[in-house]
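Student: Next comes the structure file entry14.txt, holding compact mmCIF, C-alpha atoms.
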```
# COMPACT_ATOMS: atom_id res chain seq x y z
CA MET A 1 178.32 140.56 133.13
CA GLU A 2 177.48 137.12 134.53
CA ASP A 3 179.57 134.14 133.33
CA GLU A 4 177.71 130.86 132.98
CA ALA A 5 179.78 127.76 132.32
CA PHE A 6 180.26 128.12 128.58
CA THR A 7 182.28 125.53 126.70
CA ASP A 8 183.56 125.21 123.17
CA ILE A 9 182.61 122.40 120.83
CA ASN A 10 185.25 120.09 122.32
CA GLY A 11 184.14 120.63 125.90
CA LYS A 12 186.93 122.95 127.02
CA ALA A 13 185.79 125.82 129.21
CA ILE A 14 185.68 129.29 127.68
CA SER A 15 184.36 132.54 129.06
CA LEU A 16 182.12 135.14 127.47
CA ASP A 17 182.19 138.79 128.45
CA CYS A 18 179.44 141.12 127.17
CA HIS A 19 180.14 144.81 127.61
CA SER A 20 177.60 147.43 126.67
CA HIS A 21 179.41 150.68 125.96
CA SER A 22 176.24 152.56 125.11
CA GLY A 23 172.77 151.98 123.76
CA PHE A 24 173.98 151.14 120.30
CA CYS A 25 177.50 149.87 120.95
CA ARG A 26 178.24 146.46 122.43
CA GLU A 27 181.36 144.35 122.67
CA PHE A 28 181.50 140.57 123.13
CA THR A 29 184.76 138.89 124.09
CA VAL A 30 185.25 135.13 124.09
CA SER A 31 188.38 134.05 125.95
CA SER A 32 190.02 130.68 125.55
CA PRO A 33 191.97 129.07 128.38
CA LYS A 34 195.62 130.10 128.58
CA VAL A 35 198.57 127.90 127.60
CA SER A 36 199.05 125.50 130.48
CA VAL A 37 202.55 125.07 131.89
CA GLY A 38 202.04 121.36 132.41
CA LYS A 39 201.32 120.75 128.74
CA VAL A 40 204.36 122.75 127.68
CA MET A 41 206.58 120.76 130.06
CA VAL A 42 205.18 117.46 128.81
CA TYR A 43 205.79 118.33 125.15
CA THR A 44 209.28 119.63 125.82
CA CYS A 45 210.24 116.56 127.83
CA CYS A 46 208.91 114.21 125.15
CA VAL A 47 210.79 115.95 122.35
CA TRP A 48 214.04 116.10 124.35
CA LEU A 49 213.81 112.48 125.47
CA LEU A 50 213.26 111.43 121.87
CA ALA A 51 216.26 113.50 120.79
CA TYR A 52 218.35 111.97 123.56
CA THR A 53 217.49 108.42 122.47
CA VAL A 54 218.42 109.28 118.87
CA PHE A 55 221.67 110.78 120.17
CA PHE A 56 222.27 107.63 122.21
CA PHE A 57 222.28 105.53 119.06
CA THR A 58 223.90 107.94 116.62
CA GLN A 59 226.27 109.82 119.00
CA ASN A 60 225.67 112.96 116.97
CA THR A 61 225.42 116.13 119.06
CA ALA A 62 223.68 117.98 116.23
CA VAL A 63 220.54 115.99 117.13
CA LEU A 64 220.46 117.52 120.62
CA SER A 65 221.05 121.09 119.50
CA SER A 66 218.51 120.79 116.71
CA ALA A 67 215.94 119.43 119.18
CA ILE A 68 216.49 122.44 121.44
CA LEU A 69 216.16 124.78 118.45
CA ILE A 70 213.03 123.04 117.24
CA THR A 71 211.31 123.29 120.61
CA LEU A 72 212.19 126.96 120.98
CA VAL A 73 211.14 127.93 117.47
CA GLY A 74 208.02 125.77 117.69
CA MET A 75 206.95 127.38 120.94
CA MET A 76 207.48 130.88 119.60
CA PHE A 77 205.62 130.06 116.41
CA HIS A 78 202.76 128.54 118.38
CA ILE A 79 202.17 131.44 120.73
CA HIS A 80 202.56 134.02 117.99
CA PHE A 81 200.55 132.51 115.15
CA VAL A 82 198.41 129.69 116.49
CA LYS A 83 197.32 130.18 120.09
CA VAL A 84 194.46 132.65 120.32
CA ASP A 85 193.95 134.32 123.67
CA HIS A 86 190.62 136.03 123.08
CA GLU A 87 188.41 137.01 120.19
CA SER A 88 186.11 139.98 120.34
CA LEU A 89 183.18 141.29 118.35
CA LEU A 90 182.34 144.99 118.59
CA VAL A 91 178.98 146.01 117.16
CA ILE A 92 178.35 149.72 116.60
CA GLY A 93 174.87 150.42 115.33
CA SER A 94 174.65 152.08 111.88
CA LEU A 95 178.46 152.16 111.64
CA GLY A 96 179.67 148.58 111.36
CA ILE A 97 181.21 145.73 113.24
CA GLN A 98 184.79 145.05 114.20
CA VAL A 99 186.16 141.54 114.62
CA SER A 100 189.50 141.11 116.32
CA SER A 101 191.56 138.19 117.59
CA CYS A 102 194.34 138.58 120.07
CA TYR A 103 197.06 135.93 120.11
CA ALA A 104 198.97 134.70 123.13
CA SER A 105 202.08 136.72 122.23
CA GLY A 106 200.06 139.94 122.20
CA ARG A 107 199.62 140.20 118.44
CA GLU A 108 196.21 141.43 117.42
CA THR A 109 194.47 141.16 114.06
CA THR A 110 191.44 143.34 113.41
CA THR A 111 188.87 143.50 110.65
CA PHE A 112 186.19 146.14 110.25
CA ILE A 113 183.06 145.58 108.19
CA GLU A 114 180.86 148.56 107.46
CA MET A 115 177.13 148.39 108.00
CA SER A 116 176.15 148.87 104.35
CA LYS A 117 177.84 145.57 103.51
CA ILE A 118 176.22 143.60 106.35
CA LYS A 119 173.05 141.74 105.55
CA ASP A 120 172.61 139.97 108.88
CA ILE A 121 174.37 138.18 111.72
CA VAL A 122 173.01 134.65 112.01
CA ILE A 123 173.71 131.32 113.68
CA ASN A 124 174.27 128.73 110.99
CA GLU A 125 174.87 124.99 111.21
CA ALA A 126 177.46 123.37 109.01
CA ILE A 127 179.48 120.21 108.70
CA TYR A 128 182.90 120.61 110.28
CA MET A 129 185.16 117.51 109.89
CA HIS A 130 183.09 114.68 111.36
CA GLN A 131 180.44 116.69 113.20
CA ILE A 132 177.86 119.41 112.66
CA ILE A 133 178.46 122.59 114.64
CA TYR A 134 176.65 125.85 115.23
CA TYR A 135 178.65 128.94 114.43
CA LEU A 136 177.90 132.63 114.36
CA CYS A 137 178.54 134.31 111.03
CA VAL A 138 178.11 137.65 109.33
CA LEU A 139 176.29 137.55 106.00
CA LEU A 140 177.69 140.15 103.64
CA LYS A 141 175.78 141.62 100.76
CA ASP A 142 176.83 143.50 97.67
CA PRO A 143 175.31 147.01 97.98
CA ALA A 144 174.20 146.73 94.35
CA GLU A 145 172.30 143.49 95.02
CA PRO A 146 170.77 143.72 98.48
CA LYS A 147 168.82 140.46 98.36
CA ALA A 148 171.67 138.05 97.67
CA VAL A 149 174.31 136.90 100.11
CA SER A 150 177.70 137.60 98.55
CA SER A 151 179.95 136.10 101.21
CA VAL A 152 180.03 134.72 104.73
CA VAL A 153 182.44 135.69 107.51
CA PRO A 154 182.42 133.19 110.37
CA LEU A 155 183.04 134.63 113.85
CA PHE A 156 184.84 133.15 116.87
CA GLN A 157 186.62 130.58 114.73
CA SER A 158 189.39 129.72 117.17
CA SER A 159 187.25 129.37 120.23
CA LYS A 160 184.14 127.83 118.56
CA PRO A 161 181.65 128.31 121.37
CA ARG A 162 178.57 126.14 121.75
CA LEU A 163 175.00 127.17 121.12
CA ASN A 164 174.17 128.69 124.51
CA CYS A 165 176.97 131.22 124.15
CA LEU A 166 176.09 131.94 120.53
CA VAL A 167 172.41 132.53 121.29
CA LYS A 168 173.35 135.11 123.89
CA VAL A 169 175.57 136.99 121.44
CA TYR A 170 172.99 136.64 118.67
CA LYS A 171 170.14 138.09 120.71
CA SER A 172 172.27 141.03 121.77
CA CYS A 173 173.44 141.71 118.22
CA GLN A 174 169.92 141.52 116.82
CA GLU A 175 168.77 144.17 119.28
CA ILE A 176 171.31 146.59 117.87
CA LEU A 177 170.95 145.59 114.23
CA SER A 178 167.18 145.94 114.30
CA LYS A 179 167.38 149.50 115.61
CA CYS A 180 169.48 150.87 112.75
CA MET B 1 152.09 89.18 94.32
CA SER B 2 148.84 88.93 92.35
CA PRO B 3 148.31 85.82 90.25
CA ALA B 4 148.44 87.91 87.11
CA THR B 5 152.12 88.63 87.59
CA THR B 6 153.37 85.05 88.02
CA ARG B 7 155.16 83.94 84.86
CA HIS B 8 156.63 80.65 83.74
CA PRO B 9 160.27 81.04 82.79
CA ASN B 10 160.17 78.29 80.14
CA THR B 11 157.34 79.76 78.16
CA SER B 12 156.84 78.43 74.65
CA GLU B 13 155.50 81.79 73.60
CA PRO B 14 158.15 84.48 74.12
CA HIS B 15 155.78 87.06 72.62
CA VAL B 16 153.37 86.58 75.53
CA SER B 17 156.13 86.99 78.15
CA THR B 18 157.32 90.28 76.61
CA VAL B 19 153.75 91.57 76.66
CA LYS B 20 153.54 90.63 80.34
CA HIS B 21 156.89 92.43 80.82
CA LEU B 22 155.26 95.62 79.60
CA ILE B 23 152.34 95.20 82.01
CA MET B 24 154.63 94.98 85.06
CA VAL B 25 155.63 98.61 85.52
CA GLU B 26 157.72 98.89 88.66
CA ASN B 27 161.39 97.82 88.82
CA SER B 28 161.60 96.35 92.27
CA PRO B 29 164.59 94.57 93.76
CA SER B 30 162.39 91.73 95.03
CA PRO B 31 163.36 88.14 94.30
CA LEU B 32 162.19 86.71 90.99
CA PRO B 33 162.67 83.23 89.52
CA GLU B 34 164.94 84.59 86.77
CA ARG B 35 167.09 86.34 89.32
CA ALA B 36 167.49 83.14 91.28
CA ILE B 37 168.71 81.38 88.15
CA TYR B 38 171.15 84.18 87.31
CA GLY B 39 172.45 84.07 90.85
CA PHE B 40 172.96 80.33 90.81
CA VAL B 41 174.72 80.42 87.43
CA LEU B 42 177.02 83.16 88.70
CA TYR B 43 177.73 81.13 91.82
CA LEU B 44 178.64 78.02 89.86
CA ALA B 45 180.77 80.00 87.42
CA SER B 46 182.66 81.77 90.20
CA GLN B 47 183.32 78.52 92.04
CA PHE B 48 184.59 76.92 88.82
CA GLY B 49 186.73 79.98 88.06
CA PHE B 50 188.27 79.79 91.52
CA PHE B 51 188.99 76.09 91.00
CA LEU B 52 190.75 76.84 87.71
CA TYR B 53 192.74 79.66 89.33
CA CYS B 54 193.89 77.35 92.14
CA LEU B 55 194.75 74.71 89.55
CA TRP B 56 196.94 77.13 87.64
CA ALA B 57 198.55 78.43 90.84
CA PHE B 58 199.47 74.99 92.28
CA VAL B 59 200.34 72.89 89.22
CA PRO B 60 204.14 73.10 88.64
CA GLU B 61 205.37 74.92 85.58
CA GLU B 62 206.93 71.79 84.04
CA TRP B 63 203.61 69.99 84.00
CA LEU B 64 201.95 72.97 82.32
CA HIS B 65 204.76 73.03 79.72
CA LEU B 66 204.24 69.33 79.12
CA ILE B 67 200.57 69.90 78.34
CA GLY B 68 201.51 72.72 76.00
CA LEU B 69 200.52 75.79 78.06
CA THR B 70 203.79 77.71 77.83
CA TYR B 71 202.79 81.36 77.56
CA TRP B 72 200.99 81.90 80.87
CA PRO B 73 201.79 84.55 83.54
CA GLN B 74 204.43 83.94 86.18
CA LYS B 75 203.38 82.25 89.40
CA TYR B 76 204.39 85.47 91.18
CA TRP B 77 201.12 86.99 90.08
CA ALA B 78 199.10 84.26 91.75
CA LEU B 79 199.97 85.95 95.04
CA ALA B 80 200.52 89.49 93.84
CA VAL B 81 197.13 90.16 92.26
CA PRO B 82 195.03 89.28 95.34
CA ILE B 83 197.33 91.27 97.59
CA TYR B 84 197.21 94.27 95.26
CA LEU B 85 193.42 94.10 95.18
CA LEU B 86 193.07 93.94 98.95
CA VAL B 87 195.51 96.79 99.56
CA ALA B 88 193.77 98.89 96.90
CA LEU B 89 190.42 98.21 98.58
CA THR B 90 191.71 99.30 101.98
CA ILE B 91 193.39 102.43 100.64
CA SER B 92 190.34 103.37 98.59
CA LEU B 93 188.24 103.23 101.75
CA VAL B 94 190.55 105.71 103.46
CA ILE B 95 190.77 107.88 100.36
CA LEU B 96 186.98 107.92 99.99
CA PHE B 97 186.68 109.32 103.49
CA GLY B 98 189.37 111.88 102.73
CA VAL B 99 187.82 112.98 99.45
CA ASN B 100 184.49 113.39 101.20
CA MET B 101 186.01 115.60 103.85
CA ASN B 102 187.89 117.56 101.22
CA ASN B 103 184.72 118.28 99.27
CA THR B 104 182.82 119.51 102.31
CA ALA B 105 182.22 123.23 102.05
CA PRO B 106 184.33 125.24 104.52
CA LEU B 107 182.64 127.33 107.18
CA ASP B 108 183.16 130.56 105.25
CA SER B 109 181.57 129.41 102.01
CA VAL B 110 178.23 130.68 100.73
CA ASP B 111 177.24 127.08 99.95
CA ASN B 112 176.35 126.64 103.61
CA ILE B 113 173.73 129.37 103.34
CA THR B 114 172.25 129.10 99.88
CA ASP B 115 172.90 127.82 96.38
CA MET B 116 171.97 128.71 92.82
CA TYR B 117 168.70 126.78 92.92
CA ALA B 118 167.51 128.61 96.02
CA GLN B 119 168.49 131.97 94.59
CA ALA B 120 166.59 131.22 91.38
CA GLN B 121 163.35 130.97 93.33
CA GLY B 122 161.70 134.23 92.50
CA THR B 123 158.95 135.91 94.43
CA ASN B 124 156.12 134.50 92.36
CA SER B 125 152.74 135.84 93.27
CA CYS B 126 150.23 133.11 93.94
CA HIS B 127 146.61 133.14 92.86
CA LYS B 128 144.15 134.50 95.38
CA GLY B 129 143.33 131.77 97.84
CA GLY B 130 145.78 129.37 96.22
CA ILE B 131 148.58 127.47 97.92
CA PRO B 132 151.85 129.37 97.49
CA ARG B 133 154.79 127.69 95.81
CA ILE B 134 157.25 125.85 97.98
CA LYS B 135 160.27 128.01 98.71
CA ASP B 136 163.28 128.10 100.98
CA VAL B 137 162.92 130.08 104.19
CA SER B 138 165.79 132.53 104.48
CA ILE B 139 168.26 131.85 107.26
CA SER B 140 167.48 135.17 108.95
CA GLU B 141 163.84 134.13 109.33
CA VAL B 142 164.82 130.71 110.65
CA ASN B 143 167.12 132.28 113.22
CA LYS B 144 164.42 134.67 114.39
CA MET B 145 162.01 131.77 114.78
CA PHE B 146 164.45 129.67 116.77
CA TYR B 147 166.36 132.06 118.91
CA LEU B 148 164.37 135.23 119.45
CA SER B 149 161.56 135.01 121.96
CA PRO B 150 158.04 135.66 120.71
CA GLN B 151 157.79 138.86 122.75
CA ALA B 152 160.77 140.33 120.97
CA ILE B 153 159.23 139.59 117.57
CA LYS B 154 155.93 141.13 118.58
CA SER B 155 157.59 144.27 119.94
CA ARG B 156 159.56 144.58 116.71
CA ASN B 157 156.44 144.39 114.53
```
Rewrite the structure of this file - the entire thing - as structure tokens.

Tutor:
Amino acid sequence: MEDEAFTDINGKAISLDCHSHSGFCREFTVSSPKVSVGKVMVYTCCVWLLAYTVFFFTQNTAVLSSAILITLVGMMFHIHFVKVDHESLLVIGSLGIQVSSCYASGRETTTFIEMSKIKDIVINEAIYMHQIIYYLCVLLKDPAEPKAVSSVVPLFQSSKPRLNCLVKVYKSCQEILSKC
Amino acid sequence: MSPATTRHPNTSEPHVSTVKHLIMVENSPSPLPERAIYGFVLYLASQFGFFLYCLWAFVPEEWLHLIGLTYWPQKYWALAVPIYLLVALTISLVILFGVNMNNTAPLDSVDNITDMYAQAQGTNSCHKGGIPRIKDVSISEVNKMFYLSPQAIKSRN
């Protein structure tokens, strides 16, 4: 599908991929930019220079080895738990939706929500830190009480796309949801 | 201000002024003669209080003992209390911002969609030809209005 220049709320470029598997099954994938080598090098150099200056004054080699350990462990922790590579939303009409995020180390977390629990998928505006952002969310309902919203599941939390991207996903989702 | 509302502060008949109090209904923050007097009294009192504070802070302890004022706080507090107050003011500004951000509902909370007052609005039937009660529009309707093109709505209905 065509890729306009989508950005997230901070202005960083992201890409949206809409794939239509069949008439009632669509998948939307939002990809964040990859970890840049330059940034990694800058962080590593800063931490090691800092450790070297501390070593220069204290003459304690444990400072250097602990700095190396910290950078290694920090990098592994970051790519495994923090850095999201892409998030995807799979909508299957009359069955449910599946939300999954794939991290930079390859780890993938998936959640499936069945259609009887879904009230609607909407674009909501809320206060986030110091600004107001648009975000796509799934409104869940209790099957016993179909009129009330029981909980909210926000989508695309790590990439936080802007409104043009969300409107595209919303229109596509509403086409499927209205058929079932 | 209409002439009926002007009042003399030094009235010899307090009963009349209270009756005129009852006639004036709105509580407005506009300047009044009494408020000017309160303000000026407060100004004089605060200036005098500051003068007394400076007097206590600068006069040596021996002189105060000579007069007979022996059981007064240490001179340390002449500096400490203002500094404490200023630091507390600055920190409270930062903490106010933090408490505000802490109390903001997170993105996954239902408070961003609705609340108990909105849910309590029942579907009351209005009289024929009457104006219906004011009610919240559900977020699904709002989204359809904003983001779905009119052709899509028509084809759906």

Student: Counting all atoms listed in the file, select every polymer residue within 8 Å of (209.7, 122.6, 124.3) as defined in the file's coordinates, and provide the selection as a PyMOL selection string.

Tutor: chain A and resi 40-41+43-45+47-48+68+70-72+74-75

Student: Could you list, as a PyMOL selection string, the residues of chain A having an atom within 10 Å of chain B when counting all atoms listed in the file?

Tutor: chain A and resi 119-130+133+135+137-140+147-155+157+166-168+170-171+174-175+178-179

Student: Any idea what the distance is between CA of Leu177 in chain A and CA of Lys117 in chain A?

Tutor: 12.7 Å

Student: Could you jot down the CA of Ala67 in chain A to CA of Lys34 in chain A separation for me, Å, one decimal place?

Tutor: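 Result for CA of Ala67 in chain A versus CA of Lys34 in chain A: 24.8 Å, one decimal.
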
Student: In Å to one decimal, how far is CA of Gly49 in chain B from CA of Ile37 in chain B?

Tutor: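 The value is 18.1 Å.
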
Student: If you count only C-alpha atoms, which residues fall within 9 Å of range 106-109 of chain A, apart from same-chain ones fewer than 4 positions away, as a VMD selection string?

Tutor: chain A and resid 79 to 81 85 99 to 102

Student: Name all residues at most 9 Å from Ser31 in chain A (count all atoms listed in the file; drop same-chain ones fewer than 5 positions away) and give them as a list in words.

Tutor: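 That gives Ile14, Ser15, Leu16, Asp17, Val84, Asp85, His86, Glu87, Ser88 and Ser159 of chain A.
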
Student: Extract, using all atoms listed in the file, all DNA, RNA and protein residues at most 9 Å from Phe58 in chain B, discarding same-chain residues fewer than 4 positions from it, and format them as a list in words.

Tutor: Tyr53, Cys54 and Lys75 of chain B

Student: Export C-alpha atoms of the chosen residues as a PDB file, in the frame of the given file?

Tutor:
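The result, stored in part_1.pdb:
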```pdb
ATOM      1  CA  TYR B  53     192.740  79.660  89.330  1.00  0.00           C
ATOM      2  CA  CYS B  54     193.890  77.350  92.140  1.00  0.00           C
ATOM      3  CA  LYS B  75     203.380  82.250  89.400  1.00  0.00           C
TER       4      LYS B  75
END
```

Student: Nearest residue to Thr29 in chain A out of A:Leu90, A:Lys160, A:Pro143, A:Gln131, using all atoms listed in the file?

Tutor: A:Leu90
